[in-house]
$ cat work09.cif   # mmCIF, C-alpha atoms
data_start
loop_
_atom_site.label_atom_id
_atom_site.label_comp_id
_atom_site.auth_asym_id
_atom_site.auth_seq_id
_atom_site.Cartn_x
_atom_site.Cartn_y
_atom_site.Cartn_z
CA MET A 79 -16.80 164.51 -110.28
CA ALA A 80 -16.62 167.92 -108.69
CA LEU A 81 -19.48 170.27 -109.48
CA ILE A 82 -20.26 173.89 -108.88
CA HIS A 83 -23.55 175.04 -107.41
CA LEU A 84 -24.97 177.59 -109.79
CA LYS A 85 -27.69 180.12 -109.09
CA ILE A 86 -29.06 182.51 -111.67
CA VAL A 87 -31.24 185.14 -110.03
CA THR A 88 -33.06 188.27 -111.14
CA PRO A 89 -35.44 190.48 -109.14
CA GLN A 90 -38.27 188.82 -111.10
CA GLY A 91 -37.32 185.34 -110.06
CA GLN A 92 -34.80 182.57 -109.90
CA PHE A 93 -33.95 180.83 -113.15
CA PHE A 94 -31.45 178.21 -112.10
CA ASP A 95 -30.58 176.67 -108.78
CA ALA A 96 -28.76 173.37 -109.19
CA ASP A 97 -25.38 171.72 -109.56
CA ALA A 98 -23.54 172.26 -112.82
CA GLN A 99 -20.28 171.27 -114.45
CA ARG A 100 -19.42 174.66 -115.74
CA VAL A 101 -20.83 178.06 -116.61
CA MET A 102 -19.60 180.55 -119.13
CA VAL A 103 -20.64 184.20 -119.04
CA ARG A 104 -19.51 187.43 -120.63
CA THR A 105 -17.97 189.88 -118.18
CA THR A 106 -16.90 193.42 -118.98
CA GLY A 107 -13.40 191.99 -119.48
CA GLY A 108 -14.47 189.21 -121.83
CA ASP A 109 -15.87 185.69 -121.68
CA VAL A 110 -15.16 183.80 -118.50
CA ALA A 111 -15.78 180.13 -117.80
CA ILE A 112 -16.09 178.96 -114.23
CA LEU A 113 -15.16 175.39 -113.40
CA PRO A 114 -15.17 173.63 -110.02
CA HIS A 115 -12.49 174.72 -107.51
CA HIS A 116 -12.30 178.20 -108.93
CA ILE A 117 -10.73 180.88 -106.77
CA ASP A 118 -13.23 183.22 -105.08
CA TYR A 119 -14.05 185.73 -107.73
CA SER A 120 -16.31 188.68 -108.56
CA ALA A 121 -16.75 190.34 -111.91
CA ALA A 122 -19.12 192.78 -113.54
CA LEU A 123 -21.20 191.23 -116.30
CA ALA A 124 -21.37 192.81 -119.73
CA GLU A 125 -24.43 194.94 -120.50
CA VAL A 126 -25.59 192.29 -122.97
CA GLY A 127 -24.17 188.80 -123.04
CA GLN A 128 -24.80 185.12 -123.24
CA ALA A 129 -24.56 182.55 -120.49
CA ARG A 130 -23.75 178.94 -121.31
CA VAL A 131 -24.54 176.48 -118.59
CA THR A 132 -23.34 172.88 -118.68
CA ASP A 133 -25.55 171.13 -116.16
CA ALA A 134 -24.69 168.08 -114.08
CA ASN A 135 -25.70 165.73 -116.91
CA GLY A 136 -23.57 167.49 -119.48
CA GLN A 137 -26.52 169.18 -121.18
CA ILE A 138 -25.76 172.66 -122.44
CA ARG A 139 -28.31 175.46 -122.06
CA ARG A 140 -27.93 178.99 -123.26
CA GLY A 141 -29.49 182.13 -121.89
CA GLU A 142 -29.37 185.88 -122.33
CA VAL A 143 -27.95 187.98 -119.51
CA GLN A 144 -28.35 191.73 -119.11
CA GLY A 145 -25.67 193.23 -116.89
CA GLY A 146 -25.12 192.43 -113.25
CA LEU A 147 -22.56 190.53 -111.29
CA LEU A 148 -20.82 187.18 -111.35
CA HIS A 149 -19.92 186.01 -107.88
CA VAL A 150 -17.95 182.89 -107.04
CA SER A 151 -17.47 181.89 -103.44
CA ASN A 152 -16.28 178.43 -102.47
CA ASP A 153 -17.80 176.67 -105.51
CA ASP A 154 -21.06 178.58 -105.10
CA VAL A 155 -21.47 180.46 -108.34
CA GLN A 156 -24.03 183.21 -108.60
CA VAL A 157 -25.11 185.09 -111.67
CA ILE A 158 -26.97 188.13 -110.37
CA THR A 159 -28.58 190.02 -113.21
CA ASN A 160 -31.43 192.35 -114.09
CA HIS A 161 -32.97 190.26 -116.81
CA PHE A 162 -32.47 186.70 -117.82
CA ARG A 163 -34.06 184.53 -120.47
CA TRP A 164 -33.39 180.97 -121.53
CA LYS A 165 -32.99 180.73 -125.26
CA ASP A 166 -34.89 177.44 -125.47
CA GLU A 167 -38.00 178.84 -123.77
CA MET B 206 -96.32 207.68 -87.85
CA ALA B 207 -95.23 204.07 -87.93
CA GLY B 208 -95.39 204.15 -91.73
CA ALA B 209 -92.90 207.00 -92.05
CA SER B 210 -90.41 205.30 -89.79
CA MET B 211 -90.84 202.08 -91.77
CA LYS B 212 -89.95 203.97 -94.91
CA ASP B 213 -86.88 205.54 -93.26
CA ILE B 214 -85.64 202.17 -92.14
CA LYS B 215 -86.16 200.69 -95.57
CA LEU B 216 -84.13 203.51 -97.14
CA ARG B 217 -81.31 202.96 -94.69
CA ILE B 218 -81.29 199.24 -95.36
CA ARG B 219 -81.00 199.95 -99.05
CA SER B 220 -78.10 202.37 -98.63
CA VAL B 221 -76.22 199.97 -96.33
CA GLU B 222 -76.80 197.23 -98.88
CA SER B 223 -75.23 199.22 -101.68
CA THR B 224 -72.25 200.09 -99.49
CA MET B 225 -71.86 196.42 -98.68
CA GLN B 226 -71.82 195.57 -102.38
CA ILE B 227 -68.93 197.96 -102.89
CA THR B 228 -66.90 196.71 -99.94
CA LYS B 229 -67.54 193.13 -101.00
CA ALA B 230 -66.34 193.88 -104.54
CA MET B 231 -63.22 195.64 -103.23
CA GLN B 232 -62.49 192.68 -101.03
CA LEU B 233 -62.69 190.31 -103.98
CA VAL B 234 -60.47 192.52 -106.13
CA ALA B 235 -57.93 192.80 -103.31
CA SER B 236 -57.81 189.04 -102.79
CA SER B 237 -57.23 188.34 -106.45
CA LYS B 238 -54.52 191.01 -106.67
CA LEU B 239 -52.98 189.66 -103.50
CA ARG B 240 -52.39 186.31 -105.14
CA GLY B 241 -50.33 187.83 -107.95
CA ALA B 242 -48.54 190.20 -105.60
CA ARG B 243 -47.49 187.40 -103.30
CA ALA B 244 -46.08 185.42 -106.19
CA ARG B 245 -44.00 188.43 -107.32
CA MET B 246 -42.85 189.02 -103.78
CA GLU B 247 -41.73 185.42 -103.35
CA ALA B 248 -39.96 185.51 -106.72
CA SER B 249 -37.84 188.50 -105.72
CA LYS B 250 -36.62 186.96 -102.46
CA PRO B 251 -33.79 184.73 -103.76
CA TYR B 252 -32.29 187.72 -105.58
CA MET B 253 -32.20 189.79 -102.42
CA LYS B 254 -30.46 187.08 -100.45
CA VAL B 255 -27.86 186.29 -103.08
CA ALA B 256 -27.17 189.90 -104.07
CA ARG B 257 -26.81 191.02 -100.47
CA THR B 258 -24.19 188.39 -99.71
CA ALA B 259 -22.28 189.28 -102.85
CA VAL B 260 -22.27 192.99 -102.01
CA TRP B 261 -21.15 192.26 -98.47
CA ASP B 262 -18.33 190.10 -99.78
CA ILE B 263 -17.09 192.80 -102.09
CA ALA B 264 -17.61 195.73 -99.74
CA LEU B 265 -16.18 194.22 -96.59
CA HIS B 266 -13.34 192.06 -97.70
CA ASN B 267 -11.94 193.74 -100.71
CA THR B 268 -12.03 197.41 -99.99
CA GLY B 269 -11.01 196.63 -96.40
CA ALA B 270 -14.35 198.10 -95.39
CA GLN B 271 -12.87 201.49 -96.29
CA SER B 272 -15.31 202.29 -99.08
CA HIS B 273 -17.39 205.42 -98.45
CA TYR B 274 -20.43 203.22 -99.06
CA VAL B 275 -19.63 201.34 -95.87
CA ILE B 276 -18.29 203.93 -93.43
CA PRO B 277 -21.13 205.67 -91.57
CA ARG B 278 -21.12 209.45 -91.63
CA GLU B 279 -22.41 211.90 -89.10
CA ILE B 280 -26.08 212.25 -89.97
CA ARG B 281 -27.17 215.74 -90.86
CA GLN B 282 -29.36 215.06 -93.84
CA ARG B 283 -31.32 211.87 -94.23
CA CYS B 284 -33.29 210.73 -97.23
CA TYR B 285 -36.28 208.42 -96.94
CA ILE B 286 -37.66 206.36 -99.78
CA VAL B 287 -41.23 205.86 -98.65
CA ILE B 288 -43.33 203.19 -100.29
CA ALA B 289 -47.01 203.61 -99.43
CA GLY B 290 -50.21 202.73 -101.24
CA ASP B 291 -51.77 203.85 -104.50
CA ARG B 292 -55.23 204.04 -102.97
CA GLY B 293 -56.87 204.45 -99.61
CA LEU B 294 -59.42 202.19 -97.91
CA ALA B 295 -56.77 199.79 -96.75
CA GLY B 296 -57.24 200.08 -93.01
CA SER B 297 -54.32 201.78 -91.32
CA TYR B 298 -51.82 200.68 -93.97
CA ASN B 299 -50.87 204.17 -95.19
CA ALA B 300 -51.24 205.92 -91.84
CA ASN B 301 -48.96 203.43 -90.10
CA MET B 302 -46.19 204.15 -92.56
CA PHE B 303 -46.44 207.95 -92.31
CA LYS B 304 -46.58 207.82 -88.53
CA ARG B 305 -43.50 205.65 -88.38
CA ILE B 306 -41.57 208.09 -90.59
CA GLU B 307 -42.69 211.10 -88.55
CA TRP B 308 -41.44 209.37 -85.44
CA ASP B 309 -38.17 208.25 -86.97
CA SER B 310 -37.31 211.51 -88.69
CA ARG B 311 -37.28 213.77 -85.61
CA ASP B 312 -33.53 213.86 -85.14
CA ALA B 313 -32.29 215.07 -88.52
CA MET B 314 -33.04 217.16 -91.55
CA CYS B 315 -34.95 214.92 -93.89
CA CYS B 316 -36.09 214.74 -97.44
CA VAL B 317 -38.19 212.11 -99.06
CA ILE B 318 -38.75 210.11 -102.23
CA PRO B 319 -42.40 209.04 -102.13
CA ILE B 320 -43.53 206.02 -104.12
CA GLY B 321 -47.27 205.57 -104.50
CA ARG B 322 -49.97 208.19 -104.93
CA LYS B 323 -50.95 208.30 -101.27
CA ALA B 324 -47.34 208.97 -100.29
CA ILE B 325 -47.02 211.77 -102.86
CA GLU B 326 -50.24 213.36 -101.60
CA TYR B 327 -49.09 213.14 -98.01
CA TYR B 328 -45.63 214.63 -98.55
CA SER B 329 -46.60 217.28 -101.07
CA HIS B 330 -47.44 219.65 -98.20
CA GLY B 331 -45.20 218.52 -95.40
CA ARG B 332 -41.96 219.75 -93.91
CA MET B 333 -39.88 217.32 -95.94
CA SER B 334 -38.93 218.22 -99.45
CA ILE B 335 -39.57 215.78 -102.27
CA ILE B 336 -36.55 214.87 -104.42
CA THR B 337 -38.26 212.73 -106.98
CA SER B 338 -41.22 210.40 -106.91
CA ALA B 339 -42.94 207.46 -108.56
CA GLU B 340 -46.68 207.64 -109.05
CA LYS B 341 -47.56 203.97 -108.87
CA VAL B 342 -46.53 201.06 -106.69
CA GLU B 343 -48.60 198.61 -108.70
CA GLY B 344 -46.57 197.65 -111.73
CA LEU B 345 -43.50 199.64 -110.66
CA THR B 346 -40.80 198.55 -113.09
CA LEU B 347 -37.21 197.68 -112.39
CA GLU B 348 -36.22 200.48 -114.77
CA ALA B 349 -38.09 203.06 -112.68
CA CYS B 350 -36.37 201.72 -109.57
CA GLY B 351 -33.07 201.99 -111.43
CA ASP B 352 -33.68 205.69 -112.10
CA ILE B 353 -34.33 206.31 -108.42
CA ALA B 354 -31.29 204.26 -107.41
CA ARG B 355 -28.95 206.17 -109.74
CA ARG B 356 -30.34 209.44 -108.50
CA ILE B 357 -29.76 208.67 -104.84
CA LEU B 358 -26.30 207.26 -105.50
CA GLU B 359 -25.25 210.44 -107.30
CA SER B 360 -26.49 212.55 -104.41
CA TYR B 361 -24.87 210.24 -101.90
CA ASP B 362 -21.55 210.42 -103.73
CA ALA B 363 -21.85 214.20 -103.76
CA GLY B 364 -22.44 214.15 -100.01
CA GLU B 365 -25.94 215.63 -100.17
CA TYR B 366 -27.31 212.96 -97.84
CA ASP B 367 -25.55 211.10 -95.10
CA GLU B 368 -28.01 208.27 -94.85
CA ILE B 369 -30.60 206.74 -97.14
CA VAL B 370 -33.41 204.74 -95.60
CA LEU B 371 -35.94 202.59 -97.40
CA ALA B 372 -39.35 202.55 -95.69
CA TYR B 373 -41.72 199.81 -96.74
CA THR B 374 -44.29 197.45 -95.33
CA SER B 375 -43.29 193.85 -94.99
CA PHE B 376 -45.87 191.14 -95.62
CA VAL B 377 -45.85 188.65 -92.76
CA SER B 378 -49.28 187.12 -93.27
CA VAL B 379 -52.66 188.25 -94.54
CA LEU B 380 -53.48 189.43 -91.04
CA LEU B 381 -50.11 190.93 -90.15
CA GLN B 382 -47.99 193.49 -92.00
CA LYS B 383 -45.08 195.33 -90.46
CA THR B 384 -43.63 198.70 -91.39
CA LYS B 385 -39.90 198.44 -91.83
CA LEU B 386 -37.06 200.93 -92.10
CA LYS B 387 -34.07 199.53 -93.90
CA PRO B 388 -30.89 201.58 -94.23
CA LEU B 389 -29.70 201.38 -97.85
CA LEU B 390 -26.63 203.58 -97.62
CA PRO B 391 -24.23 203.42 -95.98
CA LEU B 392 -24.43 199.68 -96.50
CA ASP B 393 -25.73 197.90 -93.46
CA VAL B 394 -23.05 195.31 -92.78
CA ARG B 395 -23.91 194.49 -89.19
CA ASP B 396 -25.45 191.16 -90.15
CA ALA B 397 -22.66 190.18 -92.51
CA PRO B 398 -21.15 186.83 -91.70
CA GLU B 399 -17.45 186.62 -91.01
CA ARG B 400 -15.67 185.54 -94.15
CA THR B 401 -13.22 182.81 -93.43
CA SER B 402 -11.97 181.89 -96.86
CA ARG B 403 -9.06 183.23 -98.81
CA GLN B 404 -8.43 186.35 -100.78
CA MET B 405 -10.91 187.10 -103.50
CA LEU B 406 -10.29 188.23 -107.03
CA CYS B 407 -12.27 191.21 -108.31
CA GLU B 408 -12.52 192.37 -111.88
CA PRO B 409 -12.32 195.29 -112.52
CA GLY B 410 -11.20 196.14 -108.96
CA ALA B 411 -13.41 196.05 -105.89
CA ASP B 412 -14.19 199.78 -105.88
CA ALA B 413 -15.12 199.86 -109.55
CA LEU B 414 -17.15 196.70 -109.16
CA LEU B 415 -19.06 198.12 -106.22
CA LYS B 416 -19.71 201.37 -108.03
CA ASP B 417 -20.91 199.43 -111.05
CA PHE B 418 -23.17 197.01 -109.22
CA LEU B 419 -24.65 199.24 -106.51
CA PRO B 420 -27.21 200.99 -108.74
CA GLN B 421 -28.55 197.59 -109.78
CA TYR B 422 -28.47 196.26 -106.27
CA LEU B 423 -30.35 199.26 -104.86
CA ALA B 424 -32.84 199.11 -107.71
CA GLY B 425 -33.41 195.45 -106.89
CA LEU B 426 -33.90 196.32 -103.21
CA ILE B 427 -36.42 199.05 -104.02
CA TYR B 428 -38.21 196.77 -106.47
CA SER B 429 -38.49 193.93 -104.03
CA ALA B 430 -39.62 196.28 -101.25
CA ALA B 431 -42.29 197.62 -103.60
CA CYS B 432 -43.49 194.07 -104.30
CA ASP B 433 -43.57 193.39 -100.58
CA SER B 434 -45.46 196.61 -99.86
CA PHE B 435 -47.96 196.01 -102.63
CA ALA B 436 -48.76 192.56 -101.26
CA SER B 437 -49.15 194.12 -97.81
CA GLU B 438 -51.45 196.81 -99.18
CA GLN B 439 -53.71 194.25 -100.82
CA ALA B 440 -53.76 192.12 -97.69
CA ALA B 441 -54.58 195.15 -95.53
CA ARG B 442 -57.34 196.18 -97.90
CA ARG B 443 -58.75 192.68 -98.01
CA VAL B 444 -58.96 192.50 -94.23
CA ALA B 445 -60.38 196.02 -93.92
CA MET B 446 -63.02 195.37 -96.56
CA ASP B 447 -63.85 192.00 -95.06
CA SER B 448 -64.63 193.58 -91.70
CA ALA B 449 -66.53 196.41 -93.43
CA THR B 450 -68.67 193.83 -95.20
CA LYS B 451 -69.30 192.01 -91.94
CA ASN B 452 -70.27 195.24 -90.21
CA ALA B 453 -72.63 196.08 -93.03
CA SER B 454 -74.39 192.74 -92.88
CA GLU B 455 -74.71 193.11 -89.12
CA MET B 456 -76.26 196.54 -89.59
CA ILE B 457 -78.67 195.17 -92.16
CA GLU B 458 -79.69 192.45 -89.74
CA ASN B 459 -80.41 194.97 -86.98
CA LEU B 460 -82.25 197.28 -89.32
CA SER B 461 -84.39 194.43 -90.67
CA LEU B 462 -85.31 193.52 -87.13
CA ARG B 463 -86.30 197.11 -86.43
CA TYR B 464 -88.23 197.22 -89.70
CA ASN B 465 -90.18 194.06 -88.88
CA ARG B 466 -90.92 195.33 -85.40
CA ALA B 467 -92.21 198.60 -86.80
CA ARG B 468 -94.32 196.70 -89.32
CA GLN B 469 -95.72 194.40 -86.64
CA SER B 470 -96.55 197.25 -84.31
CA SER B 471 -98.32 199.18 -87.05
CA ILE B 472 -100.45 196.12 -87.86
CA THR B 473 -101.24 195.60 -84.18
CA GLN B 474 -102.23 199.20 -83.87
CA GLU B 475 -104.52 199.00 -86.90
CA LEU B 476 -106.15 195.85 -85.54
CA THR B 477 -106.67 197.47 -82.16
CA GLU B 478 -108.28 200.43 -83.87
CA ILE B 479 -110.62 198.20 -85.91
CA VAL B 480 -111.58 196.09 -82.89
CA ALA B 481 -112.11 199.18 -80.80
CA GLY B 482 -114.34 200.64 -83.57
CA ALA B 483 -116.41 197.43 -83.85
CA GLU B 484 -117.18 197.27 -80.12
CA TYR B 485 -119.21 200.50 -80.20
#

$ encode --input "work09.cif" --output "structure tokens"
Amino acid sequence: MALIHLKIVTPQGQFFDADAQRVMVRTTGGDVAILPHHIDYSAALAEVGQARVTDANGQIRRGEVQGGLLHVSNDDVQVITNHFRWKDE
Amino acid sequence: MAGASMKDIKLRIRSVESTMQITKAMQLVASSKLRGARARMEASKPYMKVARTAVWDIALHNTGAQSHYVIPREIRQRCYIVIAGDRGLAGSYNANMFKRIEWDSRDAMCCVIPIGRKAIEYYSHGRMSIITSAEKVEGLTLEACGDIARRILESYDAGEYDEIVLAYTSFVSVLLQKTKLKPLLPLDVRDAPERTSRQMLCEPGADALLKDFLPQYLAGLIYSAACDSFASEQAARRVAMDSATKNASEMIENLSLRYNRARQSSITQELTEIVAGAEY
């Protein structure tokens, strides 16, 4: 099965760096889900929003995102944000 | 006579000893702070790499490199963001930075945004005017960096400066730190890799996206440079205080030797006097 490589980074550290099935984040235009083979894409993230990551095993994790940028380039997906926090931590 | 000199030497030994205690304590503090600072510095590295590539992608391949954030202007007014230390006694850490800026800033009108108390002190009576400043490098928050970033972007948009340069000290190892000048604006795209893949979709528009993300990106750059500089400062202080402690213990050794010699010679003299007195 095709996977995306997802990175979630903030200036304070990296929170995710692994393969994933899909990621859903809130951009300024609304919620966006990125699946494998997505076109190269950049979008501004909403000031406050939720990220939903479905990892390679199908487990879903949620996190809080505070602004930033979503960048997709050749199945490398990057969530670049100021603050990030996993909800289950 | 010998007694007085013995007393002098003893006093000197004591004063060197107390200095050594201070340098030793500073060295220990610096090494423990260095550990935390290095961890923060390492944590900020992935962000820099990822964010830089993303900005390059947007700036170069979607605005056709025509954005005014990319096109270099003729440099009349340059703005330096100088990150130096909060305190002294860190070897040549602060001096190196100021010297580098003096050297680099000869060719244009310059103004400065000092970060760190030593930098503020240095630039408060120089030829460069201060735009804004941040008092502390230690514990500099992302929010404070964001304020600075927004400020410089506004001025850059208004054409007040033609170039913005970030000056910081990069931590290579505990023994080696390098001062670095990194152009923030216009965006330095010389190292950008050639993008081979297809057209890219930007929401909302490449220009808007760039305008929206740049303040955060610059804040992140300043923040990570501050982490880097702080680690360098602690490393520089640790090395400086280590050699100060070594020098002090060497001095104490020499002084003790002199003290013992003086003591021995005074005893010998007394003995000679007694023996000489007994012979008659």

$ resolve_selection --input "work09.cif" --expression "the PyMOL selection byres ((chain B) within 10 of (chain A))" --output "number ranges by chain"
B: 244-256, 258-260, 262-263, 347-348, 402-411, 413-415, 417-422, 424-426, 428-429

$ residues_near_point --input "work09.cif" --point "(-32.0, 175.3, -105.0)" --cutoff "9 Å" --atoms "all atoms listed in the file" --output "MDAnalysis selection string"
chainID A and resid 83:85 94:97

$ closest_residue --input "work09.cif" --among "A:Ala129, A:Ala134, A:Met102, A:Ala80" --to "Trp164 (chain A)" --atoms "only C-alpha atoms"
A:Ala129

$ resolve_selection --input "work09.cif" --expression "the PyMOL selection byres ((chain B and resi 239-242) around 8)" --output "PyMOL selection string"
chain B and resi 235-238+243-246+432-433+435-436+439-440

$ residues_around --input "work09.cif" --residues "Asp312 (chain B)" --least-positions-apart "2" --cutoff "10 Å" --atoms "only C-alpha atoms" --output "ChimeraX atom specification"
/B:280-283,308-310,314-315

$ residues_around --input "work09.cif" --residues "Ser454 (chain B)" --least-positions-apart "4" --cutoff "8 Å" --atoms "all atoms listed in the file" --output "list of chain:residue names"
B:Glu222, B:Met225, B:Thr450, B:Glu458

$ atom_distance --input "work09.cif" --atom1 "CA of Ala324 (chain B)" --atom2 "CA of Ala289 (chain B)"
5.4 Å

$ resolve_selection --input "work09.cif" --expression "the PyMOL selection byres ((chain B and resi 228) around 8)" --output "list in words"
Thr224, Met225, Gln226, Ile227, Lys229, Ala230, Met231, Gln232, Met446, Asp447, Ala449 and Thr450 of chain B

$ atom_distance --input "work09.cif" --atom1 "CA of Val234 (chain B)" --atom2 "CA of Leu294 (chain B)"
12.7 Å

$ atom_distance --input "work09.cif" --atom1 "CA of Gly364 (chain B)" --atom2 "CA of Val275 (chain B)"
13.8 Å

$ axis_aligned_box --input "work09.cif" --around "region 108-111 of chain A" --padding-each-side "8 Å" --output "AutoDock Vina command-line options"
--center_x -15.2 --center_y 184.7 --center_z -119.8 --size_x 17.4 --size_y 25.1 --size_z 20.0

$ closest_residue --input "work09.cif" --among "B:Leu386, B:Glu368, B:Tyr328, B:Ile286" --to "Ala354 (chain B)" --atoms "only C-alpha atoms"
B:Ile286

$ residues_around --input "work09.cif" --residues "Lys165 (chain A)" --least-positions-apart "5" --cutoff "10 Å" --atoms "only C-alpha atoms" --output "ChimeraX atom specification"
/A:128-129,139-142

$ residues_around --input "work09.cif" --residues "Ser437 (chain B)" --least-positions-apart "5" --cutoff "10 Å" --atoms "only C-alpha atoms" --output "PyMOL selection string"
chain B and resi 239+242-243+289-290+295+298+373-384+431-432+442-443

$ residues_around --input "work09.cif" --residues "Ile318 (chain B)" --least-positions-apart "2" --cutoff "7 Å" --atoms "all atoms listed in the file" --output "ChimeraX atom specification"
/B:285-287,320,335-338
